[in-house]
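Novice: So I've got this file, entry-v1.txt, and it contains compact mmCIF, C-alpha atoms:
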# COMPACT_ATOMS: atom_id res chain seq x y z
CA MET A 3 124.01 116.87 113.66
CA LYS A 4 122.57 114.62 110.97
CA LYS A 5 120.31 116.54 108.60
CA LYS A 6 116.66 115.55 108.28
CA ARG A 7 115.41 115.09 104.72
CA VAL A 8 112.37 116.65 103.07
CA ILE A 9 111.14 114.30 100.35
CA PRO A 10 108.36 114.91 97.81
CA VAL A 11 106.41 111.89 96.59
CA LEU A 12 105.01 111.49 93.07
CA LEU A 13 102.28 108.94 92.38
CA HIS A 14 101.92 107.37 88.95
CA LYS A 15 98.80 105.48 87.86
CA GLU A 16 98.37 103.95 84.39
CA GLY A 17 100.32 106.72 82.69
CA TRP A 18 99.00 109.58 84.81
CA LEU A 19 100.55 111.64 87.54
CA VAL A 20 97.87 111.68 90.27
CA GLN A 21 96.91 113.01 93.67
CA SER A 22 95.57 110.45 96.14
CA LYS A 23 93.05 110.40 98.98
CA ASN A 24 92.76 107.34 101.25
CA PHE A 25 94.24 105.21 98.46
CA SER A 26 90.81 105.22 96.78
CA GLU A 27 90.22 108.60 95.16
CA TYR A 28 92.60 109.86 92.46
CA LYS A 29 92.83 113.24 90.75
CA LYS A 30 94.75 113.31 87.48
CA LEU A 31 97.52 115.87 87.18
CA GLY A 32 100.07 116.80 84.53
CA ASN A 33 103.42 115.97 83.01
CA ALA A 34 105.63 113.68 85.13
CA GLN A 35 108.89 114.90 83.62
CA LYS A 36 108.00 118.54 84.26
CA ALA A 37 107.00 117.72 87.83
CA VAL A 38 110.37 116.05 88.48
CA GLN A 39 112.21 118.99 86.93
CA ARG A 40 110.25 121.43 89.09
CA LEU A 41 110.98 119.48 92.26
CA SER A 42 114.67 119.41 91.31
CA GLU A 43 114.67 123.17 90.87
CA TRP A 44 113.04 123.53 94.28
CA ASP A 45 116.13 121.80 95.73
CA SER A 46 114.49 118.61 97.01
CA ASP A 47 116.67 116.32 99.10
CA GLU A 48 115.32 113.22 97.35
CA LEU A 49 112.33 112.08 95.34
CA ILE A 50 110.10 109.06 95.86
CA TYR A 51 108.31 107.97 92.68
CA LEU A 52 105.65 105.30 93.23
CA ASP A 53 103.83 103.48 90.46
CA ILE A 54 100.42 102.52 91.87
CA SER A 55 99.06 101.22 88.56
CA LYS A 56 96.88 98.10 88.62
CA THR A 57 97.61 97.34 84.97
CA GLU A 58 100.67 97.58 82.73
CA THR A 59 98.83 99.78 80.22
CA TYR A 60 100.32 103.27 80.06
CA THR A 61 98.38 106.03 78.36
CA THR A 62 97.63 109.70 78.96
CA ASN A 63 95.19 110.59 76.18
CA ARG A 64 95.15 114.24 77.23
CA SER A 65 96.80 116.86 75.07
CA ASP A 66 96.84 119.62 77.70
CA THR A 67 99.46 117.81 79.80
CA ALA A 68 102.00 117.84 76.94
CA ALA A 69 103.11 114.49 78.30
CA PRO A 70 104.70 111.76 76.19
CA GLU A 71 102.89 108.42 76.02
CA TYR A 72 105.36 106.14 77.81
CA GLN A 73 105.13 102.44 77.06
CA ASP A 74 106.22 101.27 80.51
CA LEU A 75 107.68 102.45 83.80
CA GLY A 76 111.26 101.81 82.70
CA GLU A 77 110.85 104.17 79.75
CA LEU A 78 109.26 106.81 81.98
CA LEU A 79 111.99 106.52 84.61
CA ALA A 80 114.73 106.85 82.01
CA GLU A 81 113.17 110.12 80.83
CA VAL A 82 112.53 111.69 84.24
CA SER A 83 116.05 110.75 85.35
CA LYS A 84 117.38 113.14 82.71
CA VAL A 85 115.97 116.14 84.59
CA ALA A 86 116.38 114.87 88.17
CA ARG A 87 119.05 116.56 90.29
CA MET A 88 118.36 114.52 93.41
CA PRO A 89 118.37 110.80 94.28
CA ILE A 90 115.25 108.90 93.16
CA THR A 91 113.57 106.01 94.92
CA ILE A 92 111.27 104.10 92.59
CA GLY A 93 108.54 101.76 93.76
CA GLY A 94 105.66 99.75 92.35
CA GLY A 95 105.42 96.49 90.44
CA ILE A 96 108.62 95.07 91.90
CA LYS A 97 108.38 91.31 92.34
CA THR A 98 111.82 89.94 91.47
CA LEU A 99 115.51 90.79 91.60
CA HIS A 100 115.34 91.39 87.86
CA ASP A 101 112.66 94.06 88.40
CA ILE A 102 115.00 95.81 90.83
CA GLU A 103 117.93 95.61 88.42
CA VAL A 104 115.84 97.11 85.60
CA ARG A 105 114.89 100.10 87.72
CA LEU A 106 118.39 100.72 89.00
CA ARG A 107 119.77 100.56 85.46
CA ALA A 108 117.07 103.01 84.30
CA GLY A 109 118.22 105.64 86.78
CA ALA A 110 116.81 104.83 90.21
CA ASP A 111 119.16 105.21 93.19
CA LYS A 112 116.97 103.13 95.49
CA VAL A 113 113.91 100.90 95.10
CA SER A 114 110.86 100.61 97.29
CA ILE A 115 109.22 97.22 97.72
CA ASN A 116 105.87 96.77 99.41
CA ARG A 117 103.37 93.95 98.90
CA SER A 118 105.82 91.66 97.17
CA ALA A 119 107.95 91.71 100.32
CA ILE A 120 104.95 90.78 102.46
CA ALA A 121 104.08 87.92 100.08
CA ASP A 122 107.70 86.74 99.96
CA PRO A 123 109.82 88.17 102.80
CA SER A 124 112.91 86.44 101.43
CA LEU A 125 112.91 89.05 98.64
CA ILE A 126 114.17 91.63 101.14
CA ALA A 127 117.14 89.49 102.12
CA SER A 128 117.94 88.54 98.52
CA ALA A 129 117.70 92.12 97.31
CA SER A 130 119.87 93.39 100.16
CA ARG A 131 122.57 90.85 99.39
CA GLU A 132 122.46 91.45 95.63
CA PHE A 133 122.27 95.24 95.47
CA GLY A 134 123.29 96.44 98.93
CA ARG A 135 121.12 97.23 101.90
CA GLN A 136 121.47 100.96 101.33
CA CYS A 137 119.25 100.92 98.23
CA ILE A 138 116.45 98.68 99.52
CA VAL A 139 113.52 100.63 100.97
CA VAL A 140 110.64 98.63 102.41
CA SER A 141 107.39 100.55 102.07
CA ILE A 142 104.64 99.94 104.63
CA ASP A 143 101.03 101.04 104.08
CA TYR A 144 99.01 100.76 107.26
CA GLU A 145 95.63 101.67 108.71
CA GLU A 146 94.78 103.08 112.10
CA PHE A 147 92.21 101.38 114.33
CA GLY A 148 92.20 103.14 117.69
CA ASP A 149 95.57 102.40 119.26
CA GLU A 150 96.32 99.58 116.82
CA ARG A 151 98.14 99.80 113.48
CA TYR A 152 97.58 97.08 110.87
CA LEU A 153 99.00 96.46 107.41
CA HIS A 154 96.80 97.69 104.58
CA PHE A 155 96.17 95.24 101.75
CA GLY A 156 93.63 97.17 99.67
CA ASP A 157 91.77 94.74 97.44
CA GLY A 158 94.45 92.04 97.77
CA ASN A 159 94.15 88.73 99.59
CA GLU A 160 97.51 88.70 101.32
CA SER A 161 96.00 89.07 104.79
CA ASP A 162 93.66 86.06 104.48
CA GLY A 163 91.16 88.11 106.47
CA ASN A 164 93.46 88.36 109.50
CA PRO A 165 94.87 91.78 110.49
CA ARG A 166 98.65 91.88 110.70
CA SER A 167 100.54 94.11 113.07
CA ALA A 168 102.39 96.88 111.22
CA LEU A 169 105.04 97.15 113.94
CA GLU A 170 105.78 93.41 113.89
CA TRP A 171 106.27 93.52 110.13
CA LEU A 172 108.55 96.56 110.39
CA LEU A 173 110.80 94.78 112.87
CA LYS A 174 110.87 91.71 110.61
CA ALA A 175 111.73 93.83 107.56
CA GLU A 176 114.70 95.34 109.37
CA GLU A 177 115.88 91.91 110.46
CA LEU A 178 115.69 90.64 106.88
CA GLY A 179 117.88 93.45 105.53
CA ALA A 180 115.77 96.52 104.78
CA GLY A 181 117.96 99.60 104.59
CA GLU A 182 115.19 102.10 105.12
CA ILE A 183 111.45 102.19 105.89
CA LEU A 184 108.80 104.30 104.14
CA LEU A 185 105.85 104.41 106.53
CA ASN A 186 102.55 105.64 105.09
CA SER A 187 99.23 106.00 106.91
CA VAL A 188 96.39 105.14 104.54
CA SER A 189 93.93 106.59 107.06
CA ARG A 190 95.59 110.01 106.73
CA ASP A 191 96.42 109.92 103.01
CA GLY A 192 95.19 113.17 101.43
CA MET A 193 93.31 114.21 104.59
CA LYS A 194 95.67 117.08 105.56
CA SER A 195 95.17 116.20 109.23
CA GLY A 196 98.81 115.77 110.22
CA TYR A 197 101.10 112.78 110.65
CA ASP A 198 100.50 109.79 112.91
CA ILE A 199 102.86 111.11 115.58
CA SER A 200 102.40 108.45 118.26
CA PHE A 201 103.09 105.52 115.95
CA LEU A 202 105.94 107.22 114.14
CA ALA A 203 107.61 107.98 117.47
CA LYS A 204 107.26 104.35 118.55
CA VAL A 205 108.62 102.99 115.26
CA ALA A 206 111.58 105.38 115.08
CA ASP A 207 112.60 104.45 118.62
CA ARG A 208 112.37 100.70 117.96
CA LEU A 209 114.16 100.53 114.62
CA ASN A 210 117.86 101.03 113.93
CA ILE A 211 117.41 102.02 110.27
CA PRO A 212 116.11 105.30 108.81
CA VAL A 213 112.34 105.88 108.89
CA ILE A 214 110.54 108.12 106.40
CA ALA A 215 107.19 109.48 107.61
CA CYS A 216 104.41 109.88 105.05
CA GLY A 217 100.67 110.49 105.05
CA GLY A 218 98.69 113.46 106.38
CA ALA A 219 100.72 116.60 105.63
CA GLY A 220 98.44 119.59 105.20
CA ASN A 221 100.77 122.45 106.06
CA TRP A 222 104.41 123.13 106.91
CA GLU A 223 103.72 122.94 110.64
CA HIS A 224 102.74 119.28 110.26
CA LEU A 225 106.24 118.61 108.92
CA ALA A 226 107.77 120.52 111.82
CA GLU A 227 105.65 118.60 114.31
CA VAL A 228 106.82 115.17 113.17
CA LEU A 229 110.48 116.26 113.12
CA THR A 230 110.17 117.79 116.57
CA GLU A 231 108.22 115.03 118.32
CA THR A 232 109.74 111.91 116.74
CA ASN A 233 113.14 110.58 115.70
CA VAL A 234 112.23 109.90 112.07
CA ASP A 235 114.98 110.61 109.55
CA ALA A 236 112.80 112.21 106.89
CA VAL A 237 109.37 113.64 106.17
CA ALA A 238 107.69 112.82 102.88
CA ALA A 239 104.52 114.18 101.31
CA ALA A 240 102.78 114.05 97.97
CA ASN A 241 99.84 116.41 97.44
CA ILE A 242 101.24 119.40 99.31
CA PHE A 243 104.25 119.68 96.97
CA HIS A 244 102.39 119.79 93.66
CA PHE A 245 102.06 123.56 93.43
CA GLN A 246 104.65 126.33 93.40
CA ASP A 247 103.22 128.22 96.39
CA GLN A 248 103.80 125.03 98.39
CA SER A 249 107.30 124.22 97.25
CA VAL A 250 109.97 122.14 98.94
CA TYR A 251 111.98 125.35 99.27
CA LEU A 252 109.29 127.02 101.35
CA ALA A 253 108.91 123.91 103.48
CA ARG A 254 112.62 123.81 104.24
CA ARG A 255 112.65 127.56 104.96
CA HIS A 256 109.86 127.08 107.50
CA LEU A 257 111.61 124.12 109.15
CA ALA A 258 114.97 125.89 109.25
CA SER A 259 113.35 128.95 110.84
CA LYS A 260 112.25 126.72 113.72
CA GLY A 261 115.80 125.50 114.28
CA LEU A 262 115.18 122.01 112.91
CA PRO A 263 118.18 120.17 111.37
CA VAL A 264 117.30 120.38 107.67
CA ARG A 265 119.46 121.57 104.80
CA PRO A 266 119.02 125.35 104.59
CA PRO A 267 117.24 126.63 101.46
CA SER A 268 119.66 127.47 98.68
CA ILE A 269 120.48 131.11 97.90
CA GLN A 270 119.81 130.46 94.19
CA MET A 271 116.29 129.22 94.91
CA ARG A 272 115.64 132.15 97.24
CA LYS A 273 116.53 134.61 94.47
CA ARG A 274 114.18 132.89 92.01
CA LEU A 275 111.22 133.03 94.39
CA ASN A 276 111.76 136.56 95.72
Please go through the file and, once you have read it, give me the structure as structure tokens.
Specialist:
Amino acid sequence: MKKKRVIPVLLHKEGWLVQSKNFSEYKKLGNAQKAVQRLSEWDSDELIYLDISKTETYTTNRSDTAAPEYQDLGELLAEVSKVARMPITIGGGIKTLHDIEVRLRAGADKVSINRSAIADPSLIASASREFGRQCIVVSIDYEEFGDERYLHFGDGNESDGNPRSALEWLLKAEELGAGEILLNSVSRDGMKSGYDISFLAKVADRLNIPVIACGGAGNWEHLAEVLTETNVDAVAAANIFHFQDQSVYLARRHLASKGLPVRPPSIQMRKRLN
């Protein structure tokens, strides 16, 4: 049976590692390189690293993080790749094929494209042809309105005031050449209320490419719920994996104990934690 992946997500904003809530509140955290190293040691299946910066200015200005002052995302990615022992998907600020090439050369295994793909859907097809479908992840941020799910545009103008169906865009992204979908509920981001099970189940049944569920994890049972009740290929979460008592190892141990098809926790990691 194909193994389900457990994927931590790191969010990067203007030089800071941050926690997010509803894509509007951000709590600054610590050293990105140390976070990646820690997640590697916890035996993560993969890592998703998203740059949500609104500017290209990178600065930390905080001595207690012991974090270098990276000049740009490429420099940061090159450094964190040195300590990563799992595949990395990098997203944020990708607008052209050159942007994708820069990130892949800096150490990314896959790239995640979001708003740029909505603004120019042909980017998905071009990227898939140039670099291979397997490394093109299309990221979808959406909001919940009753039974409806619409694309989230934040403070952008891409929607022209008209809500766009998230499911319709997902089907279009697959048709254009997306190799994988990262599906994130803005309504549940940082709320610890659980995943959007009904929509994730619908999406996973309609698409023929892997779907990564994200948004809403508050405990290990939320991860088990989405893997039990939907056909998604992976569960991703950000805030819940930032602290050692909530490690990827413990998540996988919980999921494995329920008979779910995840990689069993490593013996080496078990010895370090016990």
Novice: Just the number, please: distance in Å from atom CA of A:Ser118 to atom CA of A:Lys97, one decimal.
Specialist: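 Interatomic distance here is 5.5 Å.
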Novice: Find, counting all atoms listed in the file, the residue in A:Val139, A:Ile199, A:Leu209, A:Ala219 that gets nearest to A:Leu173.
Specialist: A:Leu209
Novice: What are the centre and the three edge lengths of an axis-aligned box that wraps all atoms of stretch 134-150 of chain A in the file, given that 3 Å is added to every side, written as AutoDock Vina command-line options and rounded to one decimal in Å?
Specialist:
--center_x 107.7 --center_y 99.8 --center_z 108.7 --size_x 37.1 --size_y 12.7 --size_z 27.0
Novice: Contacts of A:Asp122 at 12 Å or less, counting only C-alpha atoms, minus same-chain residues fewer than 6 places along, as a PyMOL selection string?
Specialist: chain A and resi 96-98+115-116+128-129+160+175+178
Novice: From the options A:Leu125, A:Asn241, A:Lys36, A:Tyr51, which residue's atoms come nearest to A:Met193, counting only C-alpha atoms?
Specialist: A:Asn241
Novice: Report, in Å to a single decimal, how far apart atom CA of A:Leu79 and atom CA of A:Cys137 are.
Specialist: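 Computed distance, atom CA of A:Cys137 to atom CA of A:Leu79, equals 16.4 Å.
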Novice: Report the distance between atom CA of A:Leu41 and atom CA of A:Asp53 in Å, rounded to one decimal place.
Specialist: 17.6 Å
